[in-house]
>>> print(open('protein.txt').read())   # compact mmCIF, C-alpha atoms
# COMPACT_ATOMS: atom_id res chain seq x y z
CA MET J 1 12.19 13.45 -35.38
CA SER J 2 12.52 10.96 -32.57
CA THR J 3 12.89 7.32 -33.54
CA LYS J 4 11.94 6.01 -30.12
CA PRO J 5 9.01 3.58 -29.93
CA LYS J 6 5.76 5.26 -29.04
CA VAL J 7 3.36 4.44 -26.23
CA ALA J 8 -0.24 5.61 -25.91
CA THR J 9 -2.48 5.19 -22.86
CA THR J 10 -6.10 5.81 -22.04
CA SER J 11 -8.62 5.33 -19.25
CA LEU J 12 -12.05 4.12 -20.40
CA ALA J 13 -14.52 3.02 -17.69
CA GLY J 14 -11.77 3.01 -15.07
CA CYS J 15 -10.79 5.07 -12.04
CA PHE J 16 -7.27 6.11 -13.16
CA GLY J 17 -5.89 3.81 -10.47
CA CYS J 18 -4.00 1.82 -13.12
CA HIS J 19 -2.42 5.04 -14.41
CA MET J 20 -1.46 5.83 -10.81
CA SER J 21 0.18 2.42 -10.66
CA LEU J 22 2.08 3.23 -13.87
CA LEU J 23 3.39 6.40 -12.20
CA ASP J 24 4.25 4.24 -9.18
CA ILE J 25 7.30 2.86 -11.04
CA ASP J 26 8.97 5.79 -9.26
CA ASP J 27 12.31 6.99 -10.69
CA ARG J 28 12.11 4.37 -13.42
CA ILE J 29 9.74 6.81 -15.11
CA LEU J 30 12.90 8.74 -16.10
CA LYS J 31 14.27 5.60 -17.75
CA LEU J 32 10.91 5.05 -19.41
CA ILE J 33 10.89 8.46 -21.08
CA GLU J 34 14.41 7.74 -22.34
CA LEU J 35 13.12 4.50 -23.86
CA VAL J 36 9.82 5.69 -25.34
CA ASP J 37 7.85 8.72 -26.44
CA PHE J 38 4.33 9.09 -25.13
CA ASN J 39 1.75 9.76 -27.81
CA LYS J 40 -1.99 10.13 -27.04
CA SER J 41 -2.24 9.84 -23.26
CA PRO J 42 -3.76 11.60 -20.26
CA ILE J 43 -0.20 11.81 -18.88
CA ASN J 44 0.81 14.43 -21.48
CA ASP J 45 -2.75 15.47 -22.40
CA ILE J 46 -2.28 14.70 -26.11
CA LYS J 47 -5.85 14.17 -27.32
CA LYS J 48 -5.32 12.63 -30.78
CA PHE J 49 -2.95 10.09 -32.27
CA THR J 50 -0.21 11.84 -34.25
CA ASP J 51 1.78 8.71 -35.12
CA ARG J 52 1.68 4.93 -35.15
CA CYS J 53 2.38 3.50 -31.68
CA LEU J 54 4.10 0.30 -30.59
CA VAL J 55 2.06 -0.09 -27.41
CA GLY J 56 -1.44 1.02 -26.45
CA ILE J 57 -2.23 0.66 -22.76
CA ILE J 58 -5.94 0.48 -21.97
CA GLU J 59 -7.32 0.99 -18.50
CA GLY J 60 -11.04 0.30 -17.93
CA GLY J 61 -13.73 -1.56 -19.84
CA CYS J 62 -16.35 -0.20 -22.24
CA SER J 63 -19.37 1.36 -20.57
CA ASN J 64 -20.48 3.80 -23.30
CA GLU J 65 -20.12 4.30 -27.05
CA GLU J 66 -17.26 6.77 -26.64
CA ASN J 67 -15.26 4.08 -24.80
CA VAL J 68 -15.81 1.76 -27.77
CA HIS J 69 -14.70 4.42 -30.29
CA VAL J 70 -11.54 5.22 -28.30
CA LEU J 71 -10.72 1.53 -27.93
CA GLN J 72 -11.19 0.91 -31.65
CA ASP J 73 -9.03 3.96 -32.38
CA PHE J 74 -6.28 2.48 -30.18
CA ARG J 75 -6.53 -0.86 -31.97
CA LYS J 76 -6.14 0.96 -35.28
CA HIS J 77 -3.06 2.94 -34.21
CA CYS J 78 -1.19 0.49 -31.96
CA ASP J 79 0.74 -2.70 -32.71
CA VAL J 80 0.26 -4.18 -29.24
CA ILE J 81 -2.80 -3.58 -27.08
CA ILE J 82 -2.38 -4.16 -23.35
CA ALA J 83 -5.53 -4.54 -21.25
CA LEU J 84 -4.32 -3.11 -17.95
CA GLY J 85 -6.19 -3.93 -14.75
CA ASP J 86 -9.32 -5.81 -13.79
CA CYS J 87 -11.77 -3.32 -15.38
CA ALA J 88 -10.11 -3.78 -18.78
CA THR J 89 -9.93 -7.55 -18.46
CA MET J 90 -13.26 -8.37 -16.76
CA GLY J 91 -15.27 -5.17 -16.43
CA GLY J 92 -14.34 -4.58 -12.79
CA LEU J 93 -16.46 -2.52 -10.42
CA PRO J 94 -18.38 -0.73 -13.23
CA ALA J 95 -19.54 -4.19 -14.39
CA MET J 96 -21.53 -4.53 -11.16
CA ARG J 97 -24.28 -2.74 -13.04
CA ASN J 98 -24.43 -5.68 -15.47
CA HIS J 99 -26.64 -7.46 -12.95
CA VAL J 100 -29.24 -4.69 -13.03
CA PRO J 101 -31.23 -3.74 -16.17
CA LEU J 102 -29.98 -0.43 -17.64
CA LYS J 103 -33.35 1.30 -17.16
CA GLU J 104 -33.32 0.50 -13.44
CA CYS J 105 -29.70 1.74 -13.15
CA LEU J 106 -30.58 5.10 -14.71
CA GLU J 107 -33.73 5.46 -12.63
CA GLU J 108 -31.82 4.77 -9.43
CA ALA J 109 -29.06 7.23 -10.38
CA TYR J 110 -31.24 10.10 -11.61
CA LEU J 111 -34.79 9.63 -10.29
CA LYS J 112 -35.33 7.28 -7.36
CA GLY J 113 -32.07 7.22 -5.41
CA PRO J 114 -32.40 8.41 -1.77
CA THR J 115 -30.04 11.39 -2.29
CA VAL J 116 -31.20 12.42 -5.76
CA TYR J 117 -32.21 16.07 -6.26
CA ASN J 118 -33.60 16.33 -9.77
CA PRO J 119 -36.60 18.66 -9.97
CA GLY J 120 -36.79 18.23 -13.78
CA GLY J 121 -37.45 14.51 -13.19
CA LYS J 122 -35.59 13.54 -16.35
CA VAL J 123 -32.72 11.16 -17.09
CA PRO J 124 -29.95 13.17 -18.89
CA GLY J 125 -30.30 12.54 -22.62
CA ASP J 126 -28.41 15.42 -24.30
CA ALA J 127 -27.06 14.53 -27.75
CA GLU J 128 -23.59 15.59 -26.52
CA LEU J 129 -23.54 12.75 -24.00
CA PRO J 130 -22.18 9.43 -25.23
CA LEU J 131 -24.82 6.72 -25.27
CA ILE J 132 -24.47 4.30 -22.42
CA LEU J 133 -24.17 0.62 -23.37
CA ASP J 134 -26.56 -2.09 -22.19
CA LYS J 135 -23.75 -3.42 -20.00
CA VAL J 136 -20.05 -2.96 -19.35
CA TYR J 137 -17.83 -4.99 -21.70
CA PRO J 138 -14.26 -6.12 -21.03
CA CYS J 139 -11.86 -4.85 -23.75
CA GLN J 140 -11.30 -8.29 -25.31
CA GLU J 141 -15.03 -8.52 -26.07
CA VAL J 142 -14.75 -5.37 -28.23
CA VAL J 143 -11.32 -5.57 -29.94
CA LYS J 144 -8.46 -8.08 -30.08
CA VAL J 145 -6.25 -7.68 -27.02
CA ASP J 146 -2.63 -8.89 -27.17
CA LEU J 147 -1.62 -8.85 -23.51
CA PHE J 148 -3.53 -8.90 -20.23
CA LEU J 149 -2.14 -7.53 -16.99
CA PRO J 150 -4.78 -8.10 -14.30
CA GLY J 151 -4.88 -6.53 -10.85
CA CYS J 152 -6.70 -3.76 -9.04
CA PRO J 153 -4.43 -2.08 -9.80
CA PRO J 154 -1.66 -4.19 -11.37
CA PRO J 155 1.57 -3.69 -9.36
CA ALA J 156 3.97 -1.08 -10.76
CA ASP J 157 6.60 -3.81 -11.18
CA THR J 158 4.19 -5.82 -13.35
CA ILE J 159 3.70 -2.86 -15.68
CA TRP J 160 7.40 -2.05 -15.74
CA GLN J 161 8.51 -5.61 -16.49
CA ALA J 162 5.87 -6.00 -19.20
CA LEU J 163 6.93 -2.75 -20.91
CA VAL J 164 10.64 -3.60 -20.70
CA ALA J 165 10.03 -7.06 -22.16
CA LEU J 166 7.93 -5.60 -24.99
CA LEU J 167 10.44 -2.86 -25.81
CA ASN J 168 13.29 -5.39 -25.92
CA ASN J 169 11.25 -7.88 -27.91
CA LYS J 170 11.68 -10.51 -25.20
CA PRO J 171 9.05 -12.99 -23.96
CA LEU J 172 7.23 -11.80 -20.86
CA GLU J 173 7.90 -14.06 -17.87
CA LEU J 174 6.34 -12.55 -14.80
CA PRO J 175 7.18 -14.06 -11.39
CA TYR J 176 4.32 -15.56 -9.34
CA GLU J 177 3.93 -12.51 -7.07
CA LEU J 178 3.31 -10.15 -9.98
CA ILE J 179 0.10 -11.63 -11.38
CA LYS J 180 -2.67 -10.89 -8.89
CA TYR J 181 -6.37 -10.23 -9.39
CA ASP J 182 -6.77 -7.84 -6.47
CA MET M 183 -3.88 -54.89 5.80
CA SER M 184 -3.52 -53.13 2.51
CA ALA M 185 -1.45 -54.27 -0.41
CA THR M 186 1.16 -51.90 -1.83
CA ILE M 187 0.52 -50.66 -5.33
CA HIS M 188 3.21 -49.29 -7.64
CA PHE M 189 2.51 -46.87 -10.46
CA THR M 190 4.07 -43.78 -12.03
CA ILE M 191 3.01 -40.13 -12.26
CA ASP M 192 4.83 -38.25 -15.03
CA GLY M 193 7.51 -40.93 -14.91
CA VAL M 194 8.04 -40.70 -11.13
CA GLU M 195 7.53 -43.98 -9.23
CA VAL M 196 4.75 -43.67 -6.65
CA THR M 197 3.55 -46.24 -4.14
CA GLY M 198 -0.01 -46.29 -2.94
CA LYS M 199 -2.24 -48.55 -0.88
CA ALA M 200 -5.11 -50.56 -2.29
CA GLY M 201 -8.31 -48.54 -2.06
CA GLN M 202 -6.54 -45.17 -2.18
CA THR M 203 -7.36 -42.72 -4.93
CA ILE M 204 -4.68 -41.41 -7.29
CA LEU M 205 -5.09 -37.97 -5.69
CA GLN M 206 -4.47 -39.33 -2.17
CA ALA M 207 -1.43 -41.38 -3.20
CA ALA M 208 0.01 -38.44 -5.16
CA SER M 209 -0.46 -36.06 -2.22
CA GLU M 210 1.33 -38.47 0.12
CA ALA M 211 4.17 -38.75 -2.37
CA GLY M 212 4.44 -34.97 -2.55
CA ILE M 213 2.98 -34.58 -6.04
CA TYR M 214 0.33 -31.91 -6.35
CA ILE M 215 -2.65 -32.60 -8.55
CA PRO M 216 -4.82 -29.46 -8.79
CA ARG M 217 -8.34 -29.86 -7.32
CA LEU M 218 -11.33 -27.78 -6.28
CA CYS M 219 -14.21 -30.02 -5.20
CA ALA M 220 -11.92 -32.57 -3.53
CA HIS M 221 -11.02 -32.10 0.14
CA LYS M 222 -9.06 -34.50 2.32
CA ASP M 223 -11.81 -34.71 4.96
CA LEU M 224 -14.67 -35.30 2.51
CA THR M 225 -15.97 -38.13 0.32
CA PRO M 226 -14.75 -37.56 -3.25
CA HIS M 227 -17.31 -35.89 -5.48
CA GLY M 228 -15.65 -35.94 -8.92
CA SER M 229 -17.59 -32.91 -10.12
CA CYS M 230 -15.12 -30.12 -10.92
CA ARG M 231 -12.82 -32.27 -13.10
CA VAL M 232 -9.87 -29.97 -12.37
CA CYS M 233 -7.98 -33.02 -11.04
CA THR M 234 -8.29 -34.79 -14.40
CA VAL M 235 -5.20 -36.86 -15.19
CA MET M 236 -4.48 -39.32 -17.98
CA VAL M 237 -4.50 -42.90 -16.68
CA ASN M 238 -3.07 -45.27 -19.28
CA GLY M 239 -4.04 -42.72 -21.93
CA ARG M 240 -7.61 -42.10 -20.74
CA PRO M 241 -8.85 -39.02 -18.86
CA GLN M 242 -9.95 -39.81 -15.28
CA ALA M 243 -10.74 -37.73 -12.19
CA ALA M 244 -7.80 -38.37 -9.85
CA CYS M 245 -10.02 -37.76 -6.80
CA THR M 246 -12.29 -40.72 -7.56
CA GLN M 247 -10.02 -43.05 -9.57
CA PRO M 248 -8.43 -45.78 -7.41
CA VAL M 249 -4.73 -46.54 -7.76
CA SER M 250 -3.89 -49.58 -9.84
CA ASP M 251 -0.67 -51.55 -10.28
CA GLY M 252 1.51 -50.47 -13.18
CA ALA M 253 -0.73 -47.54 -14.15
CA ILE M 254 0.91 -44.76 -16.15
CA VAL M 255 -0.51 -41.46 -14.90
CA GLU M 256 0.12 -38.15 -16.67
CA ASN M 257 -0.42 -35.03 -14.58
CA GLU M 258 1.59 -32.08 -15.87
CA THR M 259 1.45 -32.54 -19.64
CA ALA M 260 0.65 -29.61 -21.92
CA GLU M 261 -2.66 -31.25 -22.85
CA ILE M 262 -3.81 -31.72 -19.23
CA LYS M 263 -2.68 -28.24 -18.23
CA GLU M 264 -4.67 -26.76 -21.12
CA LEU M 265 -7.75 -28.72 -20.06
CA ARG M 266 -7.44 -27.45 -16.48
CA ARG M 267 -6.93 -23.88 -17.68
CA ASN M 268 -10.10 -24.15 -19.73
CA LEU M 269 -12.10 -25.50 -16.79
CA VAL M 270 -10.92 -22.74 -14.46
CA GLU M 271 -11.50 -20.04 -17.09
CA MET M 272 -15.06 -21.32 -17.59
CA LEU M 273 -15.67 -21.15 -13.83
CA PHE M 274 -14.52 -17.52 -13.86
CA VAL M 275 -16.84 -16.41 -16.68
CA GLU M 276 -19.80 -18.47 -15.50
CA GLY M 277 -20.10 -16.76 -12.10
CA ASN M 278 -19.42 -13.26 -10.83
CA HIS M 279 -15.89 -13.40 -9.48
CA TYR M 280 -14.92 -9.86 -8.52
CA CYS M 281 -11.60 -10.55 -6.79
CA MET M 282 -10.97 -6.85 -6.12
CA PHE M 283 -13.63 -6.62 -3.42
CA CYS M 284 -13.95 -10.24 -2.33
CA GLU M 285 -13.04 -10.99 1.30
CA LYS M 286 -11.67 -14.36 0.24
CA SER M 287 -9.16 -12.89 -2.22
CA GLY M 288 -5.66 -14.16 -1.44
CA ASN M 289 -7.09 -17.19 0.37
CA CYS M 290 -9.33 -18.35 -2.48
CA GLU M 291 -8.54 -21.71 -4.06
CA LEU M 292 -10.15 -20.83 -7.41
CA GLN M 293 -8.08 -17.66 -7.67
CA ALA M 294 -4.94 -19.49 -6.51
CA LEU M 295 -5.46 -22.19 -9.15
CA ALA M 296 -5.81 -19.51 -11.82
CA TYR M 297 -2.52 -17.99 -10.61
CA ARG M 298 -0.81 -21.37 -10.64
CA LEU M 299 -2.10 -22.13 -14.12
CA GLY M 300 -0.88 -18.72 -15.33
CA ILE M 301 -4.29 -17.36 -16.34
CA GLN M 302 -4.10 -13.63 -17.07
CA ALA M 303 -7.66 -13.36 -18.40
CA PRO M 304 -10.29 -15.93 -19.44
CA ARG M 305 -10.65 -16.46 -23.19
CA TYR M 306 -14.44 -16.78 -22.98
CA PRO M 307 -17.10 -14.07 -22.85
CA TYR M 308 -18.39 -13.26 -19.38
CA PHE M 309 -21.93 -14.35 -18.47
CA PHE M 310 -22.55 -11.79 -15.69
CA PRO M 311 -25.43 -13.89 -14.33
CA GLN M 312 -27.93 -12.56 -11.81
CA ARG M 313 -27.49 -14.46 -8.57
CA ALA M 314 -28.78 -13.97 -5.05
CA LEU M 315 -27.09 -13.22 -1.76
CA ASP M 316 -28.41 -14.70 1.49
CA ALA M 317 -27.72 -12.79 4.70
CA THR M 318 -30.50 -14.27 6.82
CA HIS M 319 -28.08 -16.01 9.19
CA PRO M 320 -26.75 -13.75 11.97
CA ASP M 321 -23.11 -14.88 11.57
CA ILE M 322 -22.75 -16.29 8.04
CA PHE M 323 -23.54 -14.98 4.59
CA ILE M 324 -23.88 -16.92 1.38
CA ASP M 325 -23.02 -15.26 -1.94
CA HIS M 326 -24.21 -17.40 -4.83
CA ASN M 327 -22.36 -15.08 -7.24
CA ARG M 328 -19.11 -16.76 -6.20
CA CYS M 329 -20.39 -20.33 -5.87
CA ILE M 330 -18.70 -22.86 -8.17
CA LEU M 331 -21.02 -25.75 -7.19
CA CYS M 332 -18.17 -27.88 -5.85
CA GLY M 333 -20.51 -29.34 -3.23
CA ARG M 334 -17.99 -29.14 -0.39
CA CYS M 335 -20.54 -27.40 1.88
CA VAL M 336 -23.22 -29.97 1.01
CA ARG M 337 -20.90 -32.84 1.97
CA ALA M 338 -19.31 -31.10 4.96
CA SER M 339 -22.68 -30.38 6.54
CA LYS M 340 -23.71 -34.03 6.21
CA GLU M 341 -20.41 -35.80 6.81
CA LEU M 342 -18.58 -33.55 9.28
CA ASP M 343 -21.27 -31.50 11.01
CA GLY M 344 -23.87 -34.28 11.18
CA LYS M 345 -26.49 -31.87 9.84
CA ASN M 346 -28.16 -31.49 6.49
CA VAL M 347 -28.12 -27.76 5.83
CA PHE M 348 -27.55 -27.73 2.05
CA GLN M 349 -28.78 -29.56 -1.00
CA PHE M 350 -28.30 -29.10 -4.73
CA ILE M 351 -31.39 -27.78 -6.49
CA GLY M 352 -32.03 -27.87 -10.25
CA ARG M 353 -29.94 -29.19 -13.10
CA GLY M 354 -27.50 -27.97 -15.73
CA ALA M 355 -27.18 -24.20 -15.97
CA HIS M 356 -29.94 -23.82 -13.33
CA LYS M 357 -28.18 -25.88 -10.69
CA ARG M 358 -27.55 -24.08 -7.41
CA VAL M 359 -26.97 -24.77 -3.74
CA GLY M 360 -30.21 -24.55 -1.79
CA PHE M 361 -30.91 -24.49 1.95
CA ASN M 362 -32.92 -26.93 3.96
CA ALA M 363 -35.38 -24.15 4.86
CA PRO M 364 -37.52 -22.06 2.53
CA ASP M 365 -36.57 -18.69 4.06
CA GLY M 366 -32.79 -18.92 3.91
CA LEU M 367 -29.80 -20.10 5.88
CA GLY M 368 -30.89 -18.27 9.03
CA HIS M 369 -33.83 -20.67 9.36
CA THR M 370 -31.69 -23.83 9.27
CA ASP M 371 -29.69 -25.30 12.17
CA ALA M 372 -26.41 -24.01 10.64
CA ALA M 373 -23.94 -22.64 13.21
CA VAL M 374 -20.90 -20.45 12.59
CA SER M 375 -18.69 -23.11 14.22
CA ASP M 376 -19.74 -25.72 11.61
CA ARG M 377 -17.03 -27.05 9.31
CA PHE M 378 -18.92 -26.10 6.14
CA VAL M 379 -18.14 -22.43 6.80
CA SER M 380 -14.38 -22.71 6.40
CA ILE M 381 -14.38 -25.52 3.85
CA CYS M 382 -15.72 -23.38 0.97
CA PRO M 383 -12.84 -22.98 -1.54
CA VAL M 384 -14.16 -19.62 -2.77
CA GLY M 385 -15.85 -16.61 -1.16
CA ALA M 386 -19.37 -18.03 -1.41
CA ILE M 387 -19.61 -18.84 2.32
CA LEU M 388 -18.09 -16.28 4.65
CA LYS M 389 -18.24 -15.38 8.31
CA LYS M 390 -19.74 -11.96 8.94
CA ARG M 391 -17.73 -9.17 10.58
CA VAL M 392 -14.25 -10.66 10.07
CA GLY M 393 -13.50 -9.62 6.48
CA TYR M 394 -10.06 -8.42 5.35
CA ALA M 395 -8.50 -9.35 8.72
CA ILE M 396 -5.26 -10.58 7.13
CA PRO M 397 -3.20 -7.88 5.39
CA VAL M 398 -2.27 -8.25 1.70
CA GLY M 399 1.08 -10.01 1.48
CA GLN M 400 0.37 -12.37 4.39
CA ARG M 401 -2.55 -14.27 2.91
CA LEU M 402 -2.36 -17.96 2.04
CA PHE M 403 -1.50 -17.66 -1.65
CA ASP M 404 0.16 -14.22 -1.82
CA LYS M 405 3.72 -15.54 -1.98
CA ARG M 406 3.48 -19.27 -2.65
CA PRO M 407 1.37 -21.07 -5.25
CA ILE M 408 -1.39 -23.41 -4.14
CA GLY M 409 -0.02 -26.94 -3.76
CA SER M 410 3.39 -25.77 -2.50
CA GLU M 411 2.78 -27.44 0.88
CA ILE M 412 2.22 -30.79 -0.86
CA GLU M 413 5.25 -30.37 -3.12
CA ALA M 414 7.39 -29.49 -0.08
CA ARG M 415 6.81 -33.06 1.16
CA ARG M 416 8.50 -34.46 -1.90
CA ALA M 417 11.44 -32.10 -1.59
CA LYS M 418 11.88 -33.25 2.01
CA GLY M 419 11.62 -36.95 1.11
CA LYS M 420 14.40 -36.67 -1.43
>>> encode(input="protein.txt", output="structure tokens")
Amino acid sequence: MSTKPKVATTSLAGCFGCHMSLLDIDDRILKLIELVDFNKSPINDIKKFTDRCLVGIIEGGCSNEENVHVLQDFRKHCDVIIALGDCATMGGLPAMRNHVPLKECLEEAYLKGPTVYNPGGKVPGDAELPLILDKVYPCQEVVKVDLFLPGCPPPADTIWQALVALLNNKPLELPYELIKYD
Amino acid sequence: MSATIHFTIDGVEVTGKAGQTILQAASEAGIYIPRLCAHKDLTPHGSCRVCTVMVNGRPQAACTQPVSDGAIVENETAEIKELRRNLVEMLFVEGNHYCMFCEKSGNCELQALAYRLGIQAPRYPYFFPQRALDATHPDIFIDHNRCILCGRCVRASKELDGKNVFQFIGRGAHKRVGFNAPDGLGHTDAAVSDRFVSICPVGAILKKRVGYAIPVGQRLFDKRPIGSEIEARRAKGK
């Protein structure tokens, strides 16, 4: 049984761009898998937590009830929660719908939009579909978040330095160029 | 004509002239005091309070407070920095500041201040207010989502352009910048060459058709924190 610290990641209401940025650490990914084991993550396609994790990396905010459940599950299983990217920290592009009432959003998407083809004339409401929230919430408005790494996406070096600092139990001191909101 | 005034900022001796504000004297001495509503070409407004310093133990806006002999000014203390962080965080949650698609990103003073103050995310819940966008002018658009009510455009139009394009409307949470025409900016005498266009610290006033012209990495605050140009003066003077 491996004694390496465990890392879990997920993408909630995000575009996977932050995960792309994580992969953008290039050959350091080889060092990373020497340092940690990945638990639940889209990178290895593990669907459920099998162990307690040191770090949970969250991309995206909460747009539906499933996002909230996943985020709460991460909080339960991880010592440190990192909100990665602008969607996790402020809602990001999905939060643009926060300025429009939910009913109008759904009508535009499924009924009235200029390119909509929907002969049934119904908004999808199957019980299998997670309920959509009234607005998109940043992660820290749903659970306690321990570390924020903003950016769209955050630079690979930002993610790398944050992980290395966490794994070595050192304070995180990011240089000026590595905290950017765009 | 003016008498010399001696005071200290964080223990550093600074000389100013009578009638100068603390912010002006500090800038000349190469000490950066963060600011948003203040601009060197405009009458001080004292509204954003980001330039708050302690003067003899009392909080004062450095942009409006005149220099006084023997004053002890505190600028970079933990307490003042925390106050500024809070102010900037509140500005972020109160409006809709989507840096990822804003044309001003990288050249925005609000964003640059947040970087300088080390803000990784605001500690307050987001308001996500509903605000309007005005595109009635052929060359300029106004996005109230990003407006921080600093009043630079209001003053610039009056003081520098000799016009009167803007005015504050309403009070408290309902306060906003209005135009001197009922049907939007396009019906005022605003011109794209007016100073108010470039003086906006955020992306609330932007020229049309020139967005994203400067590549990432070469923008004003990509590599150097805001205020570096003022601090460079002090390094040179030493």
>>> closest_residue(input="protein.txt", among="J:Leu172, J:Val70, J:Val80, J:Leu131", to="Leu102 of chain J", atoms="all atoms listed in the file")
J:Leu131
>>> atom_distance(input="protein.txt", atom1="atom CA of Val384 of chain M", atom2="atom CA of Lys135 of chain J")
25.5 Å
>>> interface_residues(input="protein.txt", of="chain M", to="chain J", cutoff="8 Å", atoms="only C-alpha atoms", output="PyMOL selection string")
chain M and resi 280-283+287+293+297-298+302-303+307-308+310-312+404-407
>>> residues_around(input="protein.txt", residues="segment 38-51 of chain J", least_positions_apart="4", cutoff="12 Å", atoms="only C-alpha atoms", output="ChimeraX atom specification")
/J:1-12,16,19-20,22-23,29,32-34,55-59,70,73-79
>>> residues_around(input="protein.txt", residues="Ser229 of chain M", least_positions_apart="5", cutoff="9 Å", atoms="all atoms listed in the file", output="ChimeraX atom specification")
/M:218-220,243,331-333
>>> residues_near_point(input="protein.txt", point="(-29.8, -17.3, 1.2)", cutoff="6 Å", atoms="only C-alpha atoms", output="count of residues only")
5
>>> residues_near_point(input="protein.txt", point="(-9.2, -45.9, -0.3)", cutoff="12 Å", atoms="only C-alpha atoms", output="PyMOL selection string")
chain M and resi 184-185+187+198-207+222+225-226+245-250
>>> write_last_selection(input="protein.txt", atoms="C-alpha atoms", output="PDB file, in the frame of the given file")
ATOM      1  CA  SER M 184      -3.520 -53.130   2.510  1.00  0.00           C
ATOM      2  CA  ALA M 185      -1.450 -54.270  -0.410  1.00  0.00           C
ATOM      3  CA  ILE M 187       0.520 -50.660  -5.330  1.00  0.00           C
ATOM      4  CA  GLY M 198      -0.010 -46.290  -2.940  1.00  0.00           C
ATOM      5  CA  LYS M 199      -2.240 -48.550  -0.880  1.00  0.00           C
ATOM      6  CA  ALA M 200      -5.110 -50.560  -2.290  1.00  0.00           C
ATOM      7  CA  GLY M 201      -8.310 -48.540  -2.060  1.00  0.00           C
ATOM      8  CA  GLN M 202      -6.540 -45.170  -2.180  1.00  0.00           C
ATOM      9  CA  THR M 203      -7.360 -42.720  -4.930  1.00  0.00           C
ATOM     10  CA  ILE M 204      -4.680 -41.410  -7.290  1.00  0.00           C
ATOM     11  CA  LEU M 205      -5.090 -37.970  -5.690  1.00  0.00           C
ATOM     12  CA  GLN M 206      -4.470 -39.330  -2.170  1.00  0.00           C
ATOM     13  CA  ALA M 207      -1.430 -41.380  -3.200  1.00  0.00           C
ATOM     14  CA  LYS M 222      -9.060 -34.500   2.320  1.00  0.00           C
ATOM     15  CA  THR M 225     -15.970 -38.130   0.320  1.00  0.00           C
ATOM     16  CA  PRO M 226     -14.750 -37.560  -3.250  1.00  0.00           C
ATOM     17  CA  CYS M 245     -10.020 -37.760  -6.800  1.00  0.00           C
ATOM     18  CA  THR M 246     -12.290 -40.720  -7.560  1.00  0.00           C
ATOM     19  CA  GLN M 247     -10.020 -43.050  -9.570  1.00  0.00           C
ATOM     20  CA  PRO M 248      -8.430 -45.780  -7.410  1.00  0.00           C
ATOM     21  CA  VAL M 249      -4.730 -46.540  -7.760  1.00  0.00           C
ATOM     22  CA  SER M 250      -3.890 -49.580  -9.840  1.00  0.00           C
TER      23      SER M 250
END
>>> residues_around(input="protein.txt", residues="Asn346 of chain M", least_positions_apart="3", cutoff="12 Å", atoms="all atoms listed in the file", output="MDAnalysis selection string")
chainID M and resid 335:343 349:350 360:363 367 370:373 376 378
>>> closest_residue(input="protein.txt", among="J:Ile159, J:Cys18, J:Leu71, J:Leu167", to="Val142 of chain J", atoms="all atoms listed in the file")
J:Leu71
>>> atom_distance(input="protein.txt", atom1="atom CA of Pro216 of chain M", atom2="atom CA of Thr234 of chain M")
8.5 Å
>>> residues_around(input="protein.txt", residues="Lys286 of chain M", least_positions_apart="4", cutoff="9 Å", atoms="only C-alpha atoms", output="ChimeraX atom specification")
/M:281,290,383-386,388,393-394
>>> closest_residue(input="protein.txt", among="M:Ile191, M:Val379, M:Ile301, M:Val398", to="Thr259 of chain M", atoms="only C-alpha atoms")
M:Ile191
>>> axis_aligned_box(input="protein.txt", around="segment 49-58 of chain J", padding_each_side="5 Å", output="AutoDock Vina command-line options")
--center_x -0.9 --center_y 5.9 --center_z -28.6 --size_x 20.0 --size_y 21.9 --size_z 23.2
>>> residues_around(input="protein.txt", residues="Met236 of chain M", least_positions_apart="6", cutoff="7 Å", atoms="all atoms listed in the file", output="list of chain:residue names")
M:Gln242, M:Val255, M:Glu256, M:Asn257
>>> atom_distance(input="protein.txt", atom1="atom CA of Glu261 of chain M", atom2="atom CA of Ile82 of chain J")
27.1 Å
>>> closest_residue(input="protein.txt", among="J:Pro124, J:Leu54, J:Glu104, J:Tyr117", to="Asn169 of chain J", atoms="only C-alpha atoms")
J:Leu54
>>> closest_residue(input="protein.txt", among="M:Ile262, M:Ile396, M:Val347, M:Ile322", to="Val374 of chain M", atoms="all atoms listed in the file")
M:Ile322
>>> decode(input="protein.txt", residues="segment 35-39 of chain J", atoms="N, CA, C and O atoms", output="short mmCIF file (atom, residue, chain, number, x, y, z; two decimals), in the first residue's frame")
data_model
loop_
_atom_site.label_atom_id
_atom_site.label_comp_id
_atom_site.auth_asym_id
_atom_site.auth_seq_id
_atom_site.Cartn_x
_atom_site.Cartn_y
_atom_site.Cartn_z
N LEU J 35 5.62 11.97 -6.41
CA LEU J 35 5.35 12.60 -5.11
C LEU J 35 3.98 12.21 -4.55
O LEU J 35 3.82 12.10 -3.34
N VAL J 36 3.00 12.04 -5.42
CA VAL J 36 1.63 11.81 -4.94
C VAL J 36 0.95 10.68 -5.71
O VAL J 36 1.39 10.29 -6.79
N ASP J 37 -0.12 10.17 -5.12
CA ASP J 37 -1.03 9.27 -5.83
C ASP J 37 -2.29 10.05 -6.13
O ASP J 37 -2.78 10.79 -5.27
N PHE J 38 -2.82 9.87 -7.33
CA PHE J 38 -4.10 10.51 -7.65
C PHE J 38 -5.23 9.59 -7.21
O PHE J 38 -5.25 8.42 -7.53
N ASN J 39 -6.15 10.14 -6.44
CA ASN J 39 -7.36 9.41 -6.08
C ASN J 39 -8.45 9.87 -7.05
O ASN J 39 -8.16 10.11 -8.22
#
